[in-house]
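Shown next: model-v1.cif, containing mmCIF, C-alpha atoms.
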data_coords
#
loop_
_atom_site.group_PDB
_atom_site.id
_atom_site.type_symbol
_atom_site.label_atom_id
_atom_site.label_comp_id
_atom_site.auth_asym_id
_atom_site.auth_seq_id
_atom_site.Cartn_x
_atom_site.Cartn_y
_atom_site.Cartn_z
ATOM 1 C CA MET A 1 101.032 185.467 38.382
ATOM 2 C CA LYS A 2 100.665 182.780 35.762
ATOM 3 C CA LYS A 3 98.221 179.860 35.653
ATOM 4 C CA LYS A 4 100.300 176.724 35.191
ATOM 5 C CA GLN A 5 97.424 174.233 35.095
ATOM 6 C CA TRP A 6 93.836 173.828 36.284
ATOM 7 C CA ILE A 7 91.229 171.181 37.044
ATOM 8 C CA CYS A 8 87.458 170.989 37.381
ATOM 9 C CA ILE A 9 85.681 168.008 38.969
ATOM 10 C CA THR A 10 81.873 167.768 38.992
ATOM 11 C CA PRO A 11 79.568 164.744 39.364
ATOM 12 C CA SER A 12 79.480 164.487 35.569
ATOM 13 C CA GLY A 13 83.226 164.350 34.932
ATOM 14 C CA VAL A 14 86.727 165.787 35.115
ATOM 15 C CA GLU A 15 88.581 168.289 32.977
ATOM 16 C CA VAL A 16 92.303 168.924 33.446
ATOM 17 C CA SER A 17 93.794 171.954 31.687
ATOM 18 C CA GLY A 18 91.408 171.609 28.757
ATOM 19 C CA SER A 19 91.457 167.812 28.405
ATOM 20 C CA THR A 20 88.583 165.617 29.538
ATOM 21 C CA LEU A 21 89.731 162.776 31.770
ATOM 22 C CA ALA A 22 88.243 159.424 30.764
ATOM 23 C CA THR A 23 86.045 158.095 33.557
ATOM 24 C CA SER A 24 83.228 155.590 33.634
ATOM 25 C CA ALA A 25 81.645 156.550 36.965
ATOM 26 C CA ARG A 26 79.466 159.541 37.804
ATOM 27 C CA GLY A 27 78.240 161.134 41.013
ATOM 28 C CA ALA A 28 79.534 159.693 44.278
ATOM 29 C CA ALA A 29 81.299 156.771 42.562
ATOM 30 C CA LEU A 30 83.404 159.174 40.497
ATOM 31 C CA LEU A 31 85.557 160.180 43.457
ATOM 32 C CA THR A 32 86.320 156.560 44.340
ATOM 33 C CA GLU A 33 87.162 155.785 40.709
ATOM 34 C CA LEU A 34 89.521 158.777 40.541
ATOM 35 C CA TYR A 35 91.287 157.709 43.721
ATOM 36 C CA ARG A 36 91.671 154.065 42.679
ATOM 37 C CA THR A 37 92.776 154.924 39.124
ATOM 38 C CA TYR A 38 95.074 157.899 39.652
ATOM 39 C CA VAL A 39 96.215 157.982 43.295
ATOM 40 C CA ASN A 40 95.725 154.695 45.182
ATOM 41 C CA ASP A 41 98.688 155.173 47.538
ATOM 42 C CA TYR A 42 97.287 157.248 50.396
ATOM 43 C CA PRO A 43 95.149 155.034 52.684
ATOM 44 C CA LYS A 44 94.240 158.054 54.827
ATOM 45 C CA TYR A 45 91.945 159.023 51.919
ATOM 46 C CA PHE A 46 89.307 156.575 53.182
ATOM 47 C CA LYS A 47 89.093 158.366 56.552
ATOM 48 C CA MET A 48 88.500 161.778 54.963
ATOM 49 C CA ASP A 49 85.091 163.391 54.711
ATOM 50 C CA ALA A 50 83.601 163.953 51.246
ATOM 51 C CA PRO A 51 84.611 167.644 50.821
ATOM 52 C CA THR A 52 88.207 166.830 51.799
ATOM 53 C CA LYS A 53 88.269 163.849 49.425
ATOM 54 C CA LEU A 54 87.078 166.126 46.629
ATOM 55 C CA GLY A 55 89.732 168.782 47.237
ATOM 56 C CA PHE A 56 92.436 166.183 47.822
ATOM 57 C CA LEU A 57 91.668 164.424 44.523
ATOM 58 C CA ALA A 58 91.558 167.722 42.651
ATOM 59 C CA SER A 59 95.011 168.602 43.979
ATOM 60 C CA GLU A 60 96.402 165.149 43.181
ATOM 61 C CA LEU A 61 95.214 165.306 39.582
ATOM 62 C CA LEU A 62 96.301 168.936 39.279
ATOM 63 C CA LEU A 63 99.828 168.152 40.456
ATOM 64 C CA ARG A 64 100.388 164.926 38.505
ATOM 65 C CA ALA A 65 102.439 166.775 35.877
ATOM 66 C CA GLU A 66 104.978 167.855 38.504
ATOM 67 C CA GLY A 67 106.468 164.384 38.855
ATOM 68 C CA ASP A 68 108.092 163.687 42.229
ATOM 69 C CA ARG A 69 106.603 166.497 44.251
ATOM 70 C CA HIS A 70 106.581 165.055 47.766
ATOM 71 C CA GLU A 71 109.568 167.026 49.010
ATOM 72 C CA HIS A 72 109.399 169.688 51.695
ATOM 73 C CA SER A 73 108.430 173.068 50.286
ATOM 74 C CA SER A 74 107.954 176.266 52.233
ATOM 75 C CA ASP A 75 107.109 178.460 49.250
ATOM 76 C CA ARG A 76 103.839 176.851 48.122
ATOM 77 C CA ALA A 77 100.544 177.971 49.640
ATOM 78 C CA VAL A 78 97.202 176.166 49.605
ATOM 79 C CA VAL A 79 94.187 178.487 49.687
ATOM 80 C CA VAL A 80 90.718 177.006 49.266
ATOM 81 C CA PHE A 81 87.327 178.686 49.017
ATOM 82 C CA GLY A 82 83.844 177.212 49.308
ATOM 83 C CA ARG A 83 80.310 177.850 50.413
ATOM 84 C CA ASN A 84 79.276 174.797 52.406
ATOM 85 C CA GLY A 85 82.519 174.142 54.265
ATOM 86 C CA SER A 86 82.234 171.016 56.349
ATOM 87 C CA ILE A 87 78.422 170.846 56.563
ATOM 88 C CA VAL A 88 78.438 167.168 55.555
ATOM 89 C CA SER A 89 80.649 166.273 58.538
ATOM 90 C CA ASP A 90 78.874 168.738 60.811
ATOM 91 C CA ARG A 91 75.636 166.841 60.235
ATOM 92 C CA ARG A 92 77.317 163.454 60.725
ATOM 93 C CA PHE A 93 78.867 164.645 63.987
ATOM 94 C CA GLN A 94 75.583 166.117 65.201
ATOM 95 C CA ALA A 95 73.944 162.732 64.625
ATOM 96 C CA THR A 96 76.487 161.134 67.007
ATOM 97 C CA THR A 97 75.320 163.447 69.800
ATOM 98 C CA ASP A 98 71.542 163.295 69.298
ATOM 99 C CA GLY A 99 69.493 161.945 72.172
ATOM 100 C CA PRO A 100 70.535 160.666 75.582
ATOM 101 C CA LYS A 101 70.730 157.011 74.435
ATOM 102 C CA GLY A 102 72.629 157.787 71.258
ATOM 103 C CA TYR A 103 75.148 160.181 72.741
ATOM 104 C CA PHE A 104 78.481 158.895 71.423
ATOM 105 C CA PRO A 105 80.444 161.850 69.985
ATOM 106 C CA SER A 106 82.903 160.625 67.400
ATOM 107 C CA PRO A 107 86.370 162.250 67.441
ATOM 108 C CA SER A 108 87.125 160.813 63.982
ATOM 109 C CA VAL A 109 84.093 162.637 62.574
ATOM 110 C CA PHE A 110 84.643 165.741 64.694
ATOM 111 C CA VAL A 111 88.056 166.483 63.197
ATOM 112 C CA TYR A 112 86.442 166.917 59.771
ATOM 113 C CA THR A 113 83.987 169.510 61.117
ATOM 114 C CA LEU A 114 86.778 171.980 60.396
ATOM 115 C CA PRO A 115 86.503 173.174 56.787
ATOM 116 C CA ASN A 116 90.224 173.978 56.630
ATOM 117 C CA MET A 117 90.950 170.227 56.704
ATOM 118 C CA VAL A 118 90.932 170.162 52.904
ATOM 119 C CA ALA A 119 93.810 172.673 52.697
ATOM 120 C CA GLY A 120 95.600 170.880 55.519
ATOM 121 C CA GLU A 121 95.358 167.449 53.910
ATOM 122 C CA ILE A 122 96.748 168.814 50.624
ATOM 123 C CA ALA A 123 99.638 170.452 52.485
ATOM 124 C CA LEU A 124 100.353 167.321 54.558
ATOM 125 C CA ARG A 125 100.333 165.005 51.559
ATOM 126 C CA ASN A 126 102.736 167.208 49.618
ATOM 127 C CA HIS A 127 104.938 168.389 52.517
ATOM 128 C CA TYR A 128 104.058 172.049 51.978
ATOM 129 C CA HIS A 129 104.943 174.385 54.826
ATOM 130 C CA GLY A 130 103.588 177.602 53.315
ATOM 131 C CA GLU A 131 100.272 179.267 54.096
ATOM 132 C CA THR A 132 97.139 177.112 54.219
ATOM 133 C CA ALA A 133 93.689 178.614 54.473
ATOM 134 C CA TYR A 134 90.013 177.974 53.845
ATOM 135 C CA TYR A 135 87.646 180.878 53.212
ATOM 136 C CA ALA A 136 83.889 180.391 53.439
ATOM 137 C CA LEU A 137 82.013 182.632 51.009
ATOM 138 C CA ASP A 138 78.276 183.095 50.415
ATOM 139 C CA HIS A 139 78.838 182.397 46.726
ATOM 140 C CA TYR A 140 81.605 182.059 44.174
ATOM 141 C CA GLU A 141 83.221 185.521 43.912
ATOM 142 C CA PRO A 142 86.055 185.510 41.353
ATOM 143 C CA ALA A 143 87.191 189.081 42.147
ATOM 144 C CA LEU A 144 87.475 188.379 45.881
ATOM 145 C CA ILE A 145 89.231 185.065 45.287
ATOM 146 C CA LEU A 146 91.713 186.737 42.947
ATOM 147 C CA SER A 147 92.359 189.445 45.533
ATOM 148 C CA VAL A 148 93.087 186.914 48.300
ATOM 149 C CA VAL A 149 95.333 184.877 45.996
ATOM 150 C CA ALA A 150 97.231 187.988 44.871
ATOM 151 C CA THR A 151 97.707 189.058 48.503
ATOM 152 C CA THR A 152 99.006 185.595 49.390
ATOM 153 C CA LEU A 153 101.488 185.658 46.514
ATOM 154 C CA ALA A 154 102.663 189.172 47.479
ATOM 155 C CA ASP A 155 104.193 188.081 50.786
ATOM 156 C CA ASN A 156 107.702 187.503 49.350
ATOM 157 C CA CYS A 157 107.649 183.974 50.811
ATOM 158 C CA THR A 158 105.225 182.315 48.413
ATOM 159 C CA GLY A 159 106.354 181.290 44.939
ATOM 160 C CA SER A 160 103.309 179.273 43.933
ATOM 161 C CA ILE A 161 99.806 178.567 45.153
ATOM 162 C CA ILE A 162 97.195 175.870 44.779
ATOM 163 C CA SER A 163 93.898 177.667 44.946
ATOM 164 C CA GLY A 164 90.292 177.232 44.019
ATOM 165 C CA TRP A 165 86.703 176.527 44.840
ATOM 166 C CA VAL A 166 85.877 173.251 46.606
ATOM 167 C CA ASP A 167 82.231 172.831 47.486
ATOM 168 C CA TYR A 168 80.466 169.596 48.375
ATOM 169 C CA ILE A 169 76.753 169.559 49.140
ATOM 170 C CA ASP A 170 75.925 165.910 48.520
ATOM 171 C CA PRO A 171 76.983 163.075 46.152
ATOM 172 C CA LYS A 172 75.011 164.624 43.296
ATOM 173 C CA ARG A 173 76.076 168.254 43.854
ATOM 174 C CA TYR A 174 79.743 169.065 44.199
ATOM 175 C CA GLU A 175 82.470 170.979 42.413
ATOM 176 C CA ALA A 176 86.195 171.420 42.690
ATOM 177 C CA ALA A 177 87.711 174.052 40.408
ATOM 178 C CA MET A 178 91.368 174.455 41.333
ATOM 179 C CA GLU A 179 94.438 175.872 39.690
ATOM 180 C CA LEU A 180 98.171 175.971 40.220
ATOM 181 C CA LEU A 181 99.490 179.523 39.991
ATOM 182 C CA ILE A 182 103.124 180.551 39.952
ATOM 183 C CA LEU A 183 104.860 183.907 40.095
#
As structure tokens, please, write out the structure in this file.
Amino acid sequence: MKKKQWICITPSGVEVSGSTLATSARGAALLTELYRTYVNDYPKYFKMDAPTKLGFLASELLLRAEGDRHEHSSDRAVVVFGRNGSIVSDRRFQATTDGPKGYFPSPSVFVYTLPNMVAGEIALRNHYHGETAYYALDHYEPALILSVVATTLADNCTGSIISGWVDYIDPKRYEAAMELLIL
């Protein structure tokens, strides 16, 4: 397998395949700036939870070099790893069910209590029909991640994979480190 390109997004900035992306915002505002500057054509973005926004933006910036990429593809997989999964949405959803007077469960928040939503949103946006998965790990484990990615690529159906670590704790602590790998 060969690394075609990679991206890293943290609250302090963005690096794409060795080049720093010029941004003026930091922290929570960085994600909005990235969307408005580099994507700005996917209104569903505003309904996503923060971890999904982070992974979605990382994939969008990662794939920019591919040109017109929104055609059906059954040979690209999306495999994402992280520690905190959907904890941000889990807490928001829990707040909609607290107390007898405030019991109004929100289906729009509930759907993002599934950590695999980040892989699903990337696949939906790009019309990928290959494997999509989210693996929750106690900590970043490069050897395990490499093993899962290699196993995914060994299925004779997958020609490339978007993979990486997407972890969002709060607006001041998040990281997306993704890469596009090809056979």
List as JSON lines every residue of segment 29-135 of chain A that is in contact with segment 175-181 of chain A, defined as an atom at most 7 Å from one of its atoms (using all atoms listed in the file), together with the nearest atom pair and the distance in Å rounded to one decimal, sorted by chain and then rising number.
{"residue": "A:Leu54", "atom": "CA", "partner": "A:Ala176", "partner_atom": "CA", "distance": 6.7}
{"residue": "A:Gly55", "atom": "CA", "partner": "A:Ala176", "partner_atom": "CA", "distance": 6.3}
{"residue": "A:Ala58", "atom": "CA", "partner": "A:Ala176", "partner_atom": "CA", "distance": 6.5}
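Here atom CA of Tyr134 of chain A is placed at a distance of 17.7 Å from atom CA of Asp75 of chain A.
Shortest atom-to-atom contact with His127 of chain A among A:Asp49, A:Glu15, A:Glu71, A:Glu60: A:Glu71, counting only C-alpha atoms.
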Neighbouring residues of Ser17 of chain A were defined as those with any atom within 12 Å, considering all atoms listed in the file; residues of the same chain fewer than 3 positions away were excluded. Please report them as a list of chain:residue names.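 The residues that qualify are A:Lys3, A:Lys4, A:Gln5, A:Trp6, A:Ile7, A:Cys8, A:Ile9, A:Val14, A:Thr20, A:Leu21, A:Ala58, A:Leu61, A:Leu62, A:Leu63, A:Arg64, A:Ala65, A:Ala177, A:Met178, A:Glu179, A:Leu180.
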Just give me the residues with any atom within 10 Å of (93.2, 158.7, 43.0), file coordinates, counting all atoms listed in the file, written as an mmCIF file with C-alpha atoms, in the coordinates of the input.
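Writing done, so here's point_24.cif:
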data_model
loop_
_atom_site.group_PDB
_atom_site.id
_atom_site.type_symbol
_atom_site.label_atom_id
_atom_site.label_comp_id
_atom_site.auth_asym_id
_atom_site.auth_seq_id
_atom_site.Cartn_x
_atom_site.Cartn_y
_atom_site.Cartn_z
ATOM 1 C CA LEU A 31 85.557 160.180 43.457
ATOM 2 C CA THR A 32 86.320 156.560 44.340
ATOM 3 C CA GLU A 33 87.162 155.785 40.709
ATOM 4 C CA LEU A 34 89.521 158.777 40.541
ATOM 5 C CA TYR A 35 91.287 157.709 43.721
ATOM 6 C CA ARG A 36 91.671 154.065 42.679
ATOM 7 C CA THR A 37 92.776 154.924 39.124
ATOM 8 C CA TYR A 38 95.074 157.899 39.652
ATOM 9 C CA VAL A 39 96.215 157.982 43.295
ATOM 10 C CA ASN A 40 95.725 154.695 45.182
ATOM 11 C CA ASP A 41 98.688 155.173 47.538
ATOM 12 C CA TYR A 42 97.287 157.248 50.396
ATOM 13 C CA TYR A 45 91.945 159.023 51.919
ATOM 14 C CA LYS A 53 88.269 163.849 49.425
ATOM 15 C CA PHE A 56 92.436 166.183 47.822
ATOM 16 C CA LEU A 57 91.668 164.424 44.523
ATOM 17 C CA ALA A 58 91.558 167.722 42.651
ATOM 18 C CA GLU A 60 96.402 165.149 43.181
ATOM 19 C CA LEU A 61 95.214 165.306 39.582
#
Restrict the output to segment 16-49 of chain A and C-alpha atoms, then write it as a PDB file, in the first residue's frame.
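This is the output file part18.pdb:
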ATOM      1  CA  VAL A  16      -2.001  18.797   4.110  1.00  0.00           C
ATOM      2  CA  SER A  17       0.718  16.475   2.803  1.00  0.00           C
ATOM      3  CA  GLY A  18       3.469  18.624   4.289  1.00  0.00           C
ATOM      4  CA  SER A  19       2.035  22.062   3.471  1.00  0.00           C
ATOM      5  CA  THR A  20       0.441  24.288   6.091  1.00  0.00           C
ATOM      6  CA  LEU A  21      -2.980  25.535   5.036  1.00  0.00           C
ATOM      7  CA  ALA A  22      -3.419  29.270   5.600  1.00  0.00           C
ATOM      8  CA  THR A  23      -6.170  29.878   8.143  1.00  0.00           C
ATOM      9  CA  SER A  24      -6.986  32.792  10.392  1.00  0.00           C
ATOM     10  CA  ALA A  25      -9.248  31.020  12.895  1.00  0.00           C
ATOM     11  CA  ARG A  26      -8.310  28.662  15.716  1.00  0.00           C
ATOM     12  CA  GLY A  27     -10.226  26.291  17.962  1.00  0.00           C
ATOM     13  CA  ALA A  28     -13.934  25.857  17.276  1.00  0.00           C
ATOM     14  CA  ALA A  29     -14.013  28.626  14.646  1.00  0.00           C
ATOM     15  CA  LEU A  30     -11.398  26.809  12.565  1.00  0.00           C
ATOM     16  CA  LEU A  31     -13.840  24.136  11.426  1.00  0.00           C
ATOM     17  CA  THR A  32     -16.379  26.719  10.265  1.00  0.00           C
ATOM     18  CA  GLU A  33     -13.664  28.654   8.428  1.00  0.00           C
ATOM     19  CA  LEU A  34     -12.480  25.478   6.680  1.00  0.00           C
ATOM     20  CA  TYR A  35     -16.009  24.625   5.590  1.00  0.00           C
ATOM     21  CA  ARG A  36     -16.815  28.121   4.311  1.00  0.00           C
ATOM     22  CA  THR A  37     -13.457  28.532   2.536  1.00  0.00           C
ATOM     23  CA  TYR A  38     -12.884  25.101   1.015  1.00  0.00           C
ATOM     24  CA  VAL A  39     -16.206  23.226   0.842  1.00  0.00           C
ATOM     25  CA  ASN A  40     -19.297  25.448   1.182  1.00  0.00           C
ATOM     26  CA  ASP A  41     -21.564  23.261  -0.971  1.00  0.00           C
ATOM     27  CA  TYR A  42     -22.927  20.663   1.441  1.00  0.00           C
ATOM     28  CA  PRO A  43     -25.647  22.232   3.642  1.00  0.00           C
ATOM     29  CA  LYS A  44     -26.019  18.970   5.581  1.00  0.00           C
ATOM     30  CA  TYR A  45     -22.699  19.941   7.224  1.00  0.00           C
ATOM     31  CA  PHE A  46     -24.556  22.270   9.606  1.00  0.00           C
ATOM     32  CA  LYS A  47     -26.666  19.387  10.965  1.00  0.00           C
ATOM     33  CA  MET A  48     -23.626  17.228  11.752  1.00  0.00           C
ATOM     34  CA  ASP A  49     -22.187  16.852  15.226  1.00  0.00           C
TER      35      ASP A  49
END
